[in-house]
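The data block below is final18.txt; it holds compact mmCIF, C-alpha atoms and all ligand atoms.
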# COMPACT_ATOMS: atom_id res chain seq x y z
CA MET A 1 84.93 104.28 76.52
CA ASP A 2 86.72 101.58 74.57
CA ARG A 3 85.63 98.47 76.40
CA LEU A 4 87.25 96.16 73.84
CA ASN A 5 90.65 97.66 74.65
CA GLY A 6 89.83 97.84 78.37
CA ILE A 7 90.11 101.64 78.40
CA MET A 8 87.72 104.21 79.91
CA LYS A 9 87.54 108.01 80.11
CA ALA A 10 88.26 109.60 83.49
CA PHE A 11 89.40 112.91 85.01
CA GLY A 12 92.27 113.42 87.42
CA ILE A 13 95.55 115.18 88.09
CA HIS A 14 99.12 114.26 87.11
CA GLN A 15 100.60 116.25 90.02
CA TYR A 16 99.36 118.46 92.85
CA ASN A 17 98.56 122.05 91.90
CA THR A 18 98.11 121.15 88.25
CA PRO A 19 94.76 121.36 86.43
CA LEU A 20 92.22 118.56 86.31
CA VAL A 21 92.58 116.85 82.93
CA ALA A 22 90.89 114.13 80.89
CA LEU A 23 92.61 110.73 81.13
CA ASP A 24 92.39 107.39 79.35
CA LEU A 25 92.67 104.77 82.08
CA PRO A 26 92.32 101.00 82.34
CA LEU A 27 88.84 99.81 83.26
CA PRO A 28 88.65 98.88 86.95
CA PRO A 29 89.06 95.17 87.77
CA PRO A 30 85.89 93.12 88.39
CA PRO A 31 84.31 93.78 91.80
CA GLY A 32 85.78 91.82 94.68
CA SER A 33 83.98 90.43 97.68
CA ARG A 34 81.28 92.85 98.96
CA GLN A 35 81.90 95.27 96.07
CA ILE A 36 79.81 96.39 93.12
CA ALA A 37 80.85 97.80 89.72
CA VAL A 38 78.95 100.87 88.59
CA ARG A 39 78.67 102.67 85.24
CA VAL A 40 78.60 106.28 86.36
CA ILE A 41 75.77 108.52 85.06
CA THR A 42 76.23 111.68 87.16
CA THR A 43 78.84 113.04 89.56
CA THR A 44 79.53 116.34 91.36
CA ILE A 45 82.28 118.66 92.54
CA ASN A 46 82.90 118.70 96.30
CA PRO A 47 85.27 121.24 97.90
CA VAL A 48 87.41 118.36 99.22
CA ASP A 49 88.33 117.48 95.61
CA MET A 50 89.62 121.01 95.11
CA LEU A 51 91.68 120.69 98.33
CA ILE A 52 93.01 117.26 97.39
CA SER A 53 94.09 118.57 93.98
CA GLN A 54 96.24 121.11 95.86
CA GLY A 55 97.92 118.34 97.88
CA TYR A 56 96.00 119.20 101.03
CA GLY A 57 96.24 116.32 103.54
CA SER A 58 98.17 114.18 101.02
CA GLY A 59 100.12 112.45 103.81
CA LEU A 60 96.83 110.91 104.90
CA LEU A 61 94.85 110.79 101.67
CA ASN A 62 97.49 109.71 99.12
CA ARG A 63 100.29 108.28 101.22
CA ARG A 64 101.99 106.49 98.31
CA LYS A 65 101.78 109.61 96.11
CA ARG A 66 100.05 107.67 93.34
CA PHE A 67 99.51 109.59 90.09
CA PRO A 68 97.55 110.19 88.08
CA GLN A 69 95.23 110.69 91.00
CA MET A 70 91.57 110.26 90.18
CA LEU A 71 89.16 112.61 91.88
CA GLY A 72 85.41 112.55 92.63
CA ARG A 73 83.62 111.16 95.66
CA ASP A 74 80.01 110.67 94.66
CA GLY A 75 77.51 109.94 91.98
CA VAL A 76 74.63 107.97 90.59
CA GLY A 77 75.12 105.04 88.26
CA VAL A 78 73.91 101.67 87.10
CA VAL A 79 75.24 98.44 88.60
CA THR A 80 77.14 96.44 85.95
CA ALA A 81 78.46 93.59 88.14
CA VAL A 82 78.25 92.44 91.74
CA GLY A 83 81.00 90.73 93.73
CA ALA A 84 80.81 87.72 96.01
CA GLY A 85 78.63 88.02 99.09
CA VAL A 86 76.84 91.18 97.93
CA LYS A 87 73.22 91.39 99.06
CA GLY A 88 70.62 93.96 98.04
CA PHE A 89 72.14 94.95 94.67
CA SER A 90 71.56 93.54 91.20
CA VAL A 91 72.87 94.24 87.70
CA GLY A 92 70.91 97.04 86.01
CA GLN A 93 69.87 98.68 89.29
CA ARG A 94 70.32 102.47 89.69
CA VAL A 95 72.35 103.39 92.78
CA MET A 96 73.74 106.43 94.55
CA PHE A 97 77.23 106.20 96.06
CA ALA A 98 79.55 108.25 98.27
CA ILE A 99 83.16 107.28 98.94
CA SER A 100 85.87 108.40 101.33
CA PRO A 101 88.40 111.15 100.48
CA ARG A 102 91.05 108.41 100.81
CA THR A 103 89.77 106.63 97.68
CA GLY A 104 88.04 108.78 95.08
CA GLY A 105 87.60 107.88 91.43
CA ALA A 106 84.02 108.97 90.73
CA TYR A 107 85.20 111.14 87.81
CA ALA A 108 85.29 108.06 85.59
CA GLU A 109 82.97 106.10 83.35
CA TYR A 110 83.23 103.07 85.64
CA ILE A 111 83.97 102.65 89.33
CA VAL A 112 84.06 99.76 91.77
CA VAL A 113 82.80 100.62 95.26
CA GLY A 114 82.17 98.73 98.48
CA GLU A 115 78.54 97.77 99.09
CA ASN A 116 78.71 99.93 102.24
CA CYS A 117 79.19 103.03 100.02
CA ALA A 118 76.08 102.58 97.88
CA GLN A 119 72.34 102.44 98.09
CA PRO A 120 69.57 101.74 95.54
CA LEU A 121 68.07 105.04 94.38
CA PRO A 122 64.27 105.40 94.58
CA GLU A 123 62.78 106.04 91.13
CA GLN A 124 61.37 109.44 92.19
CA ILE A 125 64.92 110.80 92.69
CA SER A 126 66.61 112.01 89.51
CA ASP A 127 70.18 111.10 88.51
CA GLU A 128 71.16 114.73 89.19
CA LEU A 129 69.57 115.03 92.64
CA GLY A 130 70.88 111.59 93.69
CA ALA A 131 74.46 112.61 92.91
CA ALA A 132 74.04 116.03 94.52
CA ILE A 133 72.93 114.62 97.86
CA SER A 134 75.26 111.60 98.13
CA TYR A 135 78.52 112.88 99.68
CA ALA A 136 77.35 116.33 100.81
CA GLY A 137 74.02 115.00 102.07
CA ALA A 138 75.57 112.05 103.90
CA THR A 139 77.99 114.41 105.69
CA ALA A 140 75.12 116.78 106.54
CA LEU A 141 72.97 113.98 108.02
CA GLN A 142 75.98 112.61 109.93
CA ALA A 143 76.52 116.10 111.38
CA LEU A 144 72.87 116.58 112.42
CA LYS A 145 72.97 113.15 114.06
CA ALA A 146 76.21 114.03 115.89
CA ALA A 147 74.35 117.08 117.23
CA GLY A 148 71.74 114.71 118.67
CA LEU A 149 69.06 115.97 116.25
CA THR A 150 66.68 113.33 114.88
CA PRO A 151 63.29 113.32 113.13
CA GLN A 152 61.83 112.32 116.50
CA ASN A 153 63.22 115.15 118.65
CA ALA A 154 63.62 118.08 116.21
CA ALA A 155 60.20 119.69 116.71
CA GLY A 156 60.37 122.77 118.93
CA ARG A 157 64.16 123.14 118.58
CA THR A 158 65.96 125.92 116.77
CA VAL A 159 68.81 124.89 114.49
CA CYS A 160 71.20 127.42 113.01
CA ILE A 161 73.04 126.31 109.85
CA ASN A 162 76.11 128.32 108.88
CA GLY A 163 77.02 127.92 105.20
CA ALA A 164 73.34 127.07 104.58
CA SER A 165 73.33 127.67 100.82
CA GLY A 166 76.17 125.19 100.06
CA GLY A 167 75.95 121.49 99.25
CA LEU A 168 75.94 120.39 102.89
CA GLY A 169 73.94 123.35 104.14
CA SER A 170 71.16 122.93 101.56
CA VAL A 171 70.56 119.30 102.57
CA ALA A 172 70.79 120.18 106.28
CA VAL A 173 68.21 122.97 105.89
CA LEU A 174 65.78 120.62 104.15
CA ALA A 175 66.35 117.75 106.60
CA ALA A 176 66.11 119.76 109.83
CA SER A 177 63.07 121.77 108.69
CA SER A 178 61.27 118.67 107.40
CA TRP A 179 61.82 117.08 110.83
CA GLY A 180 60.02 120.05 112.42
CA ALA A 181 62.92 122.20 113.65
CA LYS A 182 62.92 125.96 113.22
CA VAL A 183 65.89 126.63 110.92
CA ILE A 184 67.95 129.82 110.87
CA ALA A 185 70.02 129.78 107.70
CA VAL A 186 73.23 131.82 107.47
CA CYS A 187 74.51 132.60 103.94
CA SER A 188 74.86 135.50 101.48
CA SER A 189 71.74 137.62 100.92
CA LYS A 190 71.77 136.61 97.24
CA ASN A 191 71.03 133.04 98.36
CA HIS A 192 68.32 133.80 100.95
CA GLU A 193 65.52 132.86 98.59
CA TRP A 194 67.29 129.50 97.95
CA VAL A 195 67.43 128.56 101.65
CA LEU A 196 63.91 129.86 102.43
CA ARG A 197 62.58 127.65 99.60
CA LEU A 198 64.32 124.66 101.23
CA GLY A 199 62.39 125.30 104.47
CA ALA A 200 64.44 127.78 106.52
CA SER A 201 62.28 130.04 108.74
CA GLN A 202 64.79 132.86 108.71
CA ALA A 203 67.85 133.76 106.61
CA ILE A 204 70.72 135.92 107.82
CA ASP A 205 73.70 137.31 105.90
CA TYR A 206 77.02 136.57 107.62
CA ARG A 207 78.17 140.10 106.82
CA ASP A 208 75.34 141.57 108.95
CA ALA A 209 77.06 141.71 112.35
CA ALA A 210 73.98 142.91 114.25
CA ALA A 211 71.75 140.13 112.87
CA MET A 212 74.50 137.55 113.49
CA SER A 213 74.87 138.53 117.14
CA SER A 214 71.09 138.27 117.65
CA ILE A 215 70.99 134.55 116.70
CA LYS A 216 69.86 132.14 119.45
CA ALA A 217 69.79 128.42 118.64
CA ASN A 218 69.78 125.06 120.44
CA VAL A 219 71.88 123.41 117.71
CA ILE A 220 74.52 125.03 115.54
CA PHE A 221 75.84 123.25 112.47
CA ASN A 222 78.89 124.96 110.99
CA ALA A 223 79.45 124.13 107.31
CA ALA A 224 81.05 127.42 106.29
CA PRO A 225 84.58 127.12 104.90
CA PRO A 226 87.24 129.23 106.66
CA VAL A 227 87.40 132.42 104.64
CA GLU A 228 90.57 134.41 105.20
CA ASP A 229 92.99 131.53 105.75
CA LYS A 230 92.20 127.85 105.23
CA HIS A 231 94.52 126.98 108.14
CA VAL A 232 92.70 129.14 110.71
CA PHE A 233 89.82 127.35 112.42
CA ARG A 234 87.29 129.14 114.53
CA ASP A 235 83.95 127.99 115.81
CA PRO A 236 81.70 130.75 114.40
CA LEU A 237 78.42 131.46 116.20
CA SER A 238 79.36 129.31 119.20
CA SER A 239 78.27 132.09 121.57
CA CYS A 240 74.75 131.88 120.09
CA LEU A 241 74.02 128.49 121.65
CA GLU A 242 71.08 128.48 124.01
CA PRO A 243 70.03 125.65 126.36
CA GLN A 244 66.67 123.94 126.02
CA LEU A 245 64.91 121.79 128.58
CA GLY A 246 65.83 118.12 128.10
CA HIS A 247 68.54 118.71 125.46
CA LYS A 248 72.17 119.75 125.68
CA PRO A 249 72.91 122.66 123.35
CA SER A 250 75.06 121.22 120.56
CA TYR A 251 77.74 122.64 118.32
CA VAL A 252 78.85 120.50 115.37
CA THR A 253 81.31 121.49 112.69
CA VAL A 254 82.59 119.80 109.56
CA ILE A 255 85.48 122.25 109.50
CA SER A 256 88.48 120.92 111.40
CA PRO A 257 92.24 121.53 111.30
CA ILE A 258 93.15 117.85 110.73
CA LEU A 259 94.09 117.92 107.02
CA GLY A 260 95.74 121.34 107.32
CA LEU A 261 97.92 120.29 110.26
CA VAL A 262 98.83 117.01 108.58
CA SER A 263 99.91 119.03 105.51
CA ILE A 264 102.07 121.40 107.55
CA VAL A 265 103.70 119.21 110.21
CA GLY A 266 103.27 115.63 108.92
CA VAL A 267 100.82 112.85 109.63
CA LEU A 268 101.56 111.80 113.22
CA PRO A 269 102.32 115.25 114.66
CA GLY A 270 99.33 116.60 112.70
CA LEU A 271 96.97 114.01 114.15
CA LEU A 272 98.40 114.59 117.62
CA LEU A 273 98.06 118.37 117.42
CA SER A 274 94.52 117.99 116.05
CA GLY A 275 93.66 115.70 118.96
CA VAL A 276 94.99 118.28 121.43
CA ASP A 277 93.09 121.07 119.66
CA PHE A 278 89.86 119.03 119.71
CA ALA A 279 90.29 118.13 123.39
CA ARG A 280 90.86 121.78 124.29
CA ARG A 281 87.72 122.90 122.48
CA GLN A 282 85.65 120.03 123.84
CA VAL A 283 86.69 120.67 127.44
CA SER A 284 85.74 124.32 127.11
CA PHE A 285 82.29 123.51 125.65
CA THR A 286 81.63 120.65 128.09
CA PHE A 287 82.56 122.91 131.02
CA GLU A 288 79.70 125.19 129.92
CA GLY A 289 77.26 122.25 129.58
CA ARG A 290 77.40 122.19 125.76
CA ARG A 291 78.06 119.32 123.37
CA TYR A 292 80.88 119.83 120.83
CA ARG A 293 81.71 117.57 117.88
CA TRP A 294 83.91 117.53 114.79
CA VAL A 295 82.25 115.52 112.05
CA LEU A 296 84.17 113.74 109.30
CA PHE A 297 82.31 112.04 106.46
CA HIS A 298 82.30 108.27 106.81
CA GLU A 299 81.10 105.73 104.28
CA SER A 300 77.68 104.49 105.36
CA ALA A 301 74.98 102.64 103.46
CA SER A 302 72.50 103.37 106.26
CA THR A 303 73.06 107.15 105.98
CA LEU A 304 72.53 106.91 102.19
CA SER A 305 69.37 104.94 102.85
CA GLU A 306 68.06 107.67 105.19
CA LEU A 307 68.86 110.27 102.51
CA ALA A 308 67.07 108.24 99.85
CA GLN A 309 63.98 107.97 102.08
CA LEU A 310 64.03 111.68 102.89
CA PHE A 311 64.44 112.86 99.28
CA ALA A 312 61.89 110.36 97.96
CA LYS A 313 59.44 112.64 99.82
CA TYR A 314 61.03 115.82 98.35
CA PRO A 315 62.13 114.78 94.84
CA THR A 316 61.74 118.31 93.49
CA ALA A 317 63.80 119.95 96.27
CA GLN A 318 66.24 122.36 94.67
CA ILE A 319 69.72 121.15 95.66
CA VAL A 320 71.24 121.14 92.14
CA ARG A 321 72.37 124.57 90.94
CA ARG A 322 73.00 123.29 87.45
CA CYS A 323 73.88 120.15 85.52
CA GLU A 324 76.48 120.17 82.73
CA PRO A 325 77.90 117.56 80.34
CA ILE A 326 80.96 115.79 81.82
CA SER A 327 83.13 117.46 79.15
CA GLU A 328 82.63 120.75 81.08
CA LEU A 329 84.06 119.28 84.32
CA PRO A 330 87.72 120.38 83.85
CA ALA A 331 86.81 124.00 83.00
CA LEU A 332 84.40 124.38 85.93
CA PHE A 333 86.67 122.48 88.35
CA ASN A 334 89.78 124.45 87.38
CA GLY A 335 87.79 127.70 87.47
CA ASN A 336 86.75 126.98 91.10
CA GLU A 337 83.11 127.28 90.04
CA VAL A 338 82.03 125.19 93.06
CA ALA A 339 82.75 128.08 95.43
CA LYS A 340 80.27 130.29 93.62
CA GLY A 341 77.16 128.61 95.13
CA PRO A 342 74.37 127.97 95.83
CA GLY A 343 73.79 124.19 95.90
CA LYS A 344 75.59 121.60 93.84
CA LEU A 345 77.19 121.48 90.41
CA VAL A 346 76.40 118.15 88.76
CA PHE A 347 77.95 116.56 85.65
CA ARG A 348 76.41 113.94 83.36
CA TRP A 349 78.13 111.31 81.23
CA GLY A 350 76.56 110.76 77.76
CA GLN A 351 73.13 112.16 76.97
N1 LIG B 1 84.36 117.09 107.51
C1 LIG B 1 83.98 116.51 106.40
O1 LIG B 1 84.01 115.28 106.27
C2 LIG B 1 83.47 117.36 105.28
C3 LIG B 1 82.68 116.78 104.29
C4 LIG B 1 82.19 117.60 103.28
C5 LIG B 1 82.49 118.96 103.27
N2 LIG B 1 83.29 119.47 104.24
C6 LIG B 1 83.60 120.91 104.24
O2 LIG B 1 82.41 121.60 104.55
C7 LIG B 1 82.41 122.86 103.90
C8 LIG B 1 81.10 123.01 103.15
O3 LIG B 1 81.04 122.07 102.10
P1 LIG B 1 80.00 122.29 100.92
O4 LIG B 1 80.12 121.14 100.00
O5 LIG B 1 78.67 122.62 101.48
O6 LIG B 1 80.63 123.61 100.26
P2 LIG B 1 79.98 124.67 99.29
O7 LIG B 1 78.92 124.02 98.47
O8 LIG B 1 81.08 125.39 98.61
O9 LIG B 1 79.22 125.69 100.26
C9 LIG B 1 79.85 126.50 101.19
C10 LIG B 1 78.89 127.62 101.53
O10 LIG B 1 79.47 128.39 102.58
C11 LIG B 1 78.97 129.70 102.45
N3 LIG B 1 79.92 130.64 103.05
C12 LIG B 1 81.09 131.11 102.56
N4 LIG B 1 81.67 131.92 103.45
C13 LIG B 1 80.85 131.96 104.53
C14 LIG B 1 80.90 132.62 105.78
N5 LIG B 1 81.90 133.42 106.12
N6 LIG B 1 79.89 132.40 106.66
C15 LIG B 1 78.86 131.62 106.35
N7 LIG B 1 78.76 130.96 105.18
C16 LIG B 1 79.74 131.14 104.28
C17 LIG B 1 78.75 129.96 100.98
O11 LIG B 1 77.51 130.60 100.96
P3 LIG B 1 77.21 131.92 100.07
O12 LIG B 1 77.56 131.55 98.65
O13 LIG B 1 75.74 132.10 100.29
O14 LIG B 1 78.07 133.01 100.60
C18 LIG B 1 78.67 128.56 100.36
O15 LIG B 1 77.41 128.32 99.77
C19 LIG B 1 83.65 122.89 103.00
O16 LIG B 1 84.66 123.64 103.64
C20 LIG B 1 84.04 121.43 102.89
O17 LIG B 1 85.43 121.26 102.67
C21 LIG B 1 83.78 118.72 105.26
Rewrite the coordinates I just gave you, this time as structure tokens.
Amino acid sequence: MDRLNGIMKAFGIHQYNTPLVALDLPLPPPPGSRQIAVRVITTTINPVDMLISQGYGSGLLNRRKRFPQMLGRDGVGVVTAVGAGVKGFSVGQRVMFAISPRTGGAYAEYIVVGENCAQPLPEQISDELGAAISYAGATALQALKAAGLTPQNAAGRTVCINGASGGLGSVAVLAASSWGAKVIAVCSSKNHEWVLRLGASQAIDYRDAAAMSSIKANVIFNAAPPVEDKHVFRDPLSSCLEPQLGHKPSYVTVISPILGLVSIVGVLPGLLLSGVDFARRQVSFTFEGRRYRWVLFHESASTLSELAQLFAKYPTAQIVRRCEPISELPALFNGNEVAKGPGKLVFRWGQ
């Protein structure tokens, strides 16, 4: 960083389908009303950053085609300034933050975020764990909530998590099992030990057709990326839903065709077709007495607060696969290292 010249280091792309590169960019302006400025300590790779770098959903996510486009949705940092009307944050405080795919910019030394995107980080939670759980963990908690699962009603219910060893899945396994649910984790055999350590009662490999067809669960959370074709969306394991007295069986998925359709047919037709697709799936589930939801990450200080409270009780939970210096970010991002699981890849600025 060269604060005297108003320049900071960042990482982004000059065009879609080009590698992530180091950039020298102007420091962000001072925080506006209800915003805070943060010096970033740690950040992570999320699959959405890989998709955005390929131009996926650009009609929605980068409508003005602004380049260089900065990437990164989450991190931990220290507050350096607070804007007007901000309550609950002070300069020098350590915070976690998670921002929408429409903004981005966490791959930078400094970022300005809305107060609704951040939360003070309890001292028990490390810089690495805080970054790892921010965006992925917030989406996972939002999905479990959309399924109607809460700490109060989870005991006695069986939750199946597909994609359990990934960033979202790892947090979902820990959250649901710590709330008292029986968790069936679906991921590669090589990651079974990882998900069992996080609290899963059972681990199943998605390549084991017999074991997959034997699954029975009251809640299914699908966080497994489409494998053969990123434009083909199925609802895996939906036939494994089983009713339970007092609760509707629920299927929630973070995998939806919205960004893909927007990329292929344009924003309005894409949103319309997605709406029709969602309605069709929802009618079919509702007809069979089952709840069906698509979950999209939304910025939420209260979700981050719930995550902070949860992980303050489990500060040694293994969600971080490894932490590397920020200088390694381009090589690991461009090498698609994020897809090699389990858990999260975290990057640290400075020492
Ligand atoms: N809707 C939203 O707002 C939102 C927000 C965040 C993420 N997402 C999406 O959610 C997905 C998961 O995100 P993430 O950060 O957890 O990704 P991730 O860390 O890359 O994890 C994905 C996991 O899926 C597993 N997997 C791969 N193929 C599978 C299959 N056929 N069946 C079951 N599991 C399979 C992999 O497990 P193994 O390595 O064990 O095979 C991997 O650990 C991504 O597609 C991401 O784009 C959506």
Selected residue of minimal separation from ligand LIG 1 (chain B) among A:Leu61, A:Leu241, A:Leu51, A:Leu174, counting all atoms listed in the file =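 Once distances to ligand LIG 1 (chain B) are computed over all atoms listed in the file, the minimum belongs to A:Leu51.
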Neighbours of Val171 in chain A within 12 Å (all atoms listed in the file; same-chain residues fewer than 4 positions away dropped), as a ChimeraX atom specification?
-> /A:129-130,132-144,161,163-167,175-178,185,194-195,197-200,221,223,307-308,310-311,314,317-320,342-344
Can I get the selected residues back with C-alpha atoms, as an mmCIF file, in the coordinates of the input?
data_model
loop_
_atom_site.group_PDB
_atom_site.id
_atom_site.type_symbol
_atom_site.label_atom_id
_atom_site.label_comp_id
_atom_site.auth_asym_id
_atom_site.auth_seq_id
_atom_site.Cartn_x
_atom_site.Cartn_y
_atom_site.Cartn_z
ATOM 1 C CA LEU A 129 69.570 115.030 92.640
ATOM 2 C CA GLY A 130 70.880 111.590 93.690
ATOM 3 C CA ALA A 132 74.040 116.030 94.520
ATOM 4 C CA ILE A 133 72.930 114.620 97.860
ATOM 5 C CA SER A 134 75.260 111.600 98.130
ATOM 6 C CA TYR A 135 78.520 112.880 99.680
ATOM 7 C CA ALA A 136 77.350 116.330 100.810
ATOM 8 C CA GLY A 137 74.020 115.000 102.070
ATOM 9 C CA ALA A 138 75.570 112.050 103.900
ATOM 10 C CA THR A 139 77.990 114.410 105.690
ATOM 11 C CA ALA A 140 75.120 116.780 106.540
ATOM 12 C CA LEU A 141 72.970 113.980 108.020
ATOM 13 C CA GLN A 142 75.980 112.610 109.930
ATOM 14 C CA ALA A 143 76.520 116.100 111.380
ATOM 15 C CA LEU A 144 72.870 116.580 112.420
ATOM 16 C CA ILE A 161 73.040 126.310 109.850
ATOM 17 C CA GLY A 163 77.020 127.920 105.200
ATOM 18 C CA ALA A 164 73.340 127.070 104.580
ATOM 19 C CA SER A 165 73.330 127.670 100.820
ATOM 20 C CA GLY A 166 76.170 125.190 100.060
ATOM 21 C CA GLY A 167 75.950 121.490 99.250
ATOM 22 C CA ALA A 175 66.350 117.750 106.600
ATOM 23 C CA ALA A 176 66.110 119.760 109.830
ATOM 24 C CA SER A 177 63.070 121.770 108.690
ATOM 25 C CA SER A 178 61.270 118.670 107.400
ATOM 26 C CA ALA A 185 70.020 129.780 107.700
ATOM 27 C CA TRP A 194 67.290 129.500 97.950
ATOM 28 C CA VAL A 195 67.430 128.560 101.650
ATOM 29 C CA ARG A 197 62.580 127.650 99.600
ATOM 30 C CA LEU A 198 64.320 124.660 101.230
ATOM 31 C CA GLY A 199 62.390 125.300 104.470
ATOM 32 C CA ALA A 200 64.440 127.780 106.520
ATOM 33 C CA PHE A 221 75.840 123.250 112.470
ATOM 34 C CA ALA A 223 79.450 124.130 107.310
ATOM 35 C CA LEU A 307 68.860 110.270 102.510
ATOM 36 C CA ALA A 308 67.070 108.240 99.850
ATOM 37 C CA LEU A 310 64.030 111.680 102.890
ATOM 38 C CA PHE A 311 64.440 112.860 99.280
ATOM 39 C CA TYR A 314 61.030 115.820 98.350
ATOM 40 C CA ALA A 317 63.800 119.950 96.270
ATOM 41 C CA GLN A 318 66.240 122.360 94.670
ATOM 42 C CA ILE A 319 69.720 121.150 95.660
ATOM 43 C CA VAL A 320 71.240 121.140 92.140
ATOM 44 C CA PRO A 342 74.370 127.970 95.830
ATOM 45 C CA GLY A 343 73.790 124.190 95.900
ATOM 46 C CA LYS A 344 75.590 121.600 93.840
#
Give the residue list for ligand LIG 1 (chain B) at 8 Å, counting only C-alpha atoms and all ligand atoms, as a ChimeraX atom specification, sorted by chain and then by residue number.
-> /A:46-48,51,135-136,139-140,162-170,186-192,205-207,223-227,253-256,294-298,338-344
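For the pair CA of Leu23 in chain A and CA of Thr44 in chain A, the interatomic distance is 17.5 Å.
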Which residues, protein or nucleic acid, reach to within 12 Å of (100.2, 106.8, 89.9) in the file's coordinates when using all atoms listed in the file, and can you give that as a list of chain:residue names?
->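 The answer, in the requested form, is A:Gly12, A:Ile13, A:His14, A:Gln15, A:Leu25, A:Asn62, A:Arg63, A:Arg64, A:Lys65, A:Arg66, A:Phe67, A:Pro68, A:Gln69, A:Met70.
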Excluding Ser214 in chain A and any residue of its chain fewer than 6 positions from it, enumerate the residues within 12 Å of it, using only C-alpha atoms, and give them as an MDAnalysis selection string.
-> chainID A and resid 160 184 204 206 208 237 239:242
Between A:Ala301, A:Ala147, A:Ala81, A:Leu271, which has the minimum distance to Ile99 in chain A (counting all atoms listed in the file)?
->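 For Ile99 in chain A, the nearest of the candidates is A:Ala301.
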So, counting all atoms listed in the file, which residue among A:Leu272, A:Ile7, A:Ile36, A:Leu121 is closest to Ala312 in chain A?
->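 Looking only at the distances to Ala312 in chain A, the closest residue turns out to be A:Leu121.
With all atoms listed in the file as the basis for measurement, A:Ser126 is the residue among A:Pro269, A:Pro30, A:Ser126, A:Pro101 that approaches Thr316 in chain A most closely.
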Separation of CA of Ala106 in chain A from CA of Gly72 in chain A, in Å and rounded to one decimal | 4.3 Å
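Across A:Asn153, A:Asn334, A:Ser302, A:Thr103, the tightest approach to Gln54 in chain A is made by A:Asn334 when counting only C-alpha atoms.
Note that the spacing between CA of Thr150 in chain A and CA of Gln93 in chain A amounts to 29.7 Å.
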Excluding Leu268 in chain A and any residue of its chain fewer than 5 positions from it, enumerate the residues within 12 Å of it, using all atoms listed in the file, and give them as a ChimeraX atom specification.
-> /A:57,59-60,258-259,261-263,273-275
Hey, which of A:Gln282, A:Thr43, A:Gln309, A:Asn336 ends up closest to Glu128 in chain A? Count only C-alpha atoms.
->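 Smallest separation from Glu128 in chain A among the options: A:Thr43.
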Take every atom of range 140-153 of chain A listed in the file, fit an axis-aligned box around them, add 5 Å per side, and give the centre and edge lengths in Å to one decimal as JSON.
{"center_x": 69.2, "center_y": 114.7, "center_z": 112.6, "size_x": 24.7, "size_y": 14.8, "size_z": 22.1}
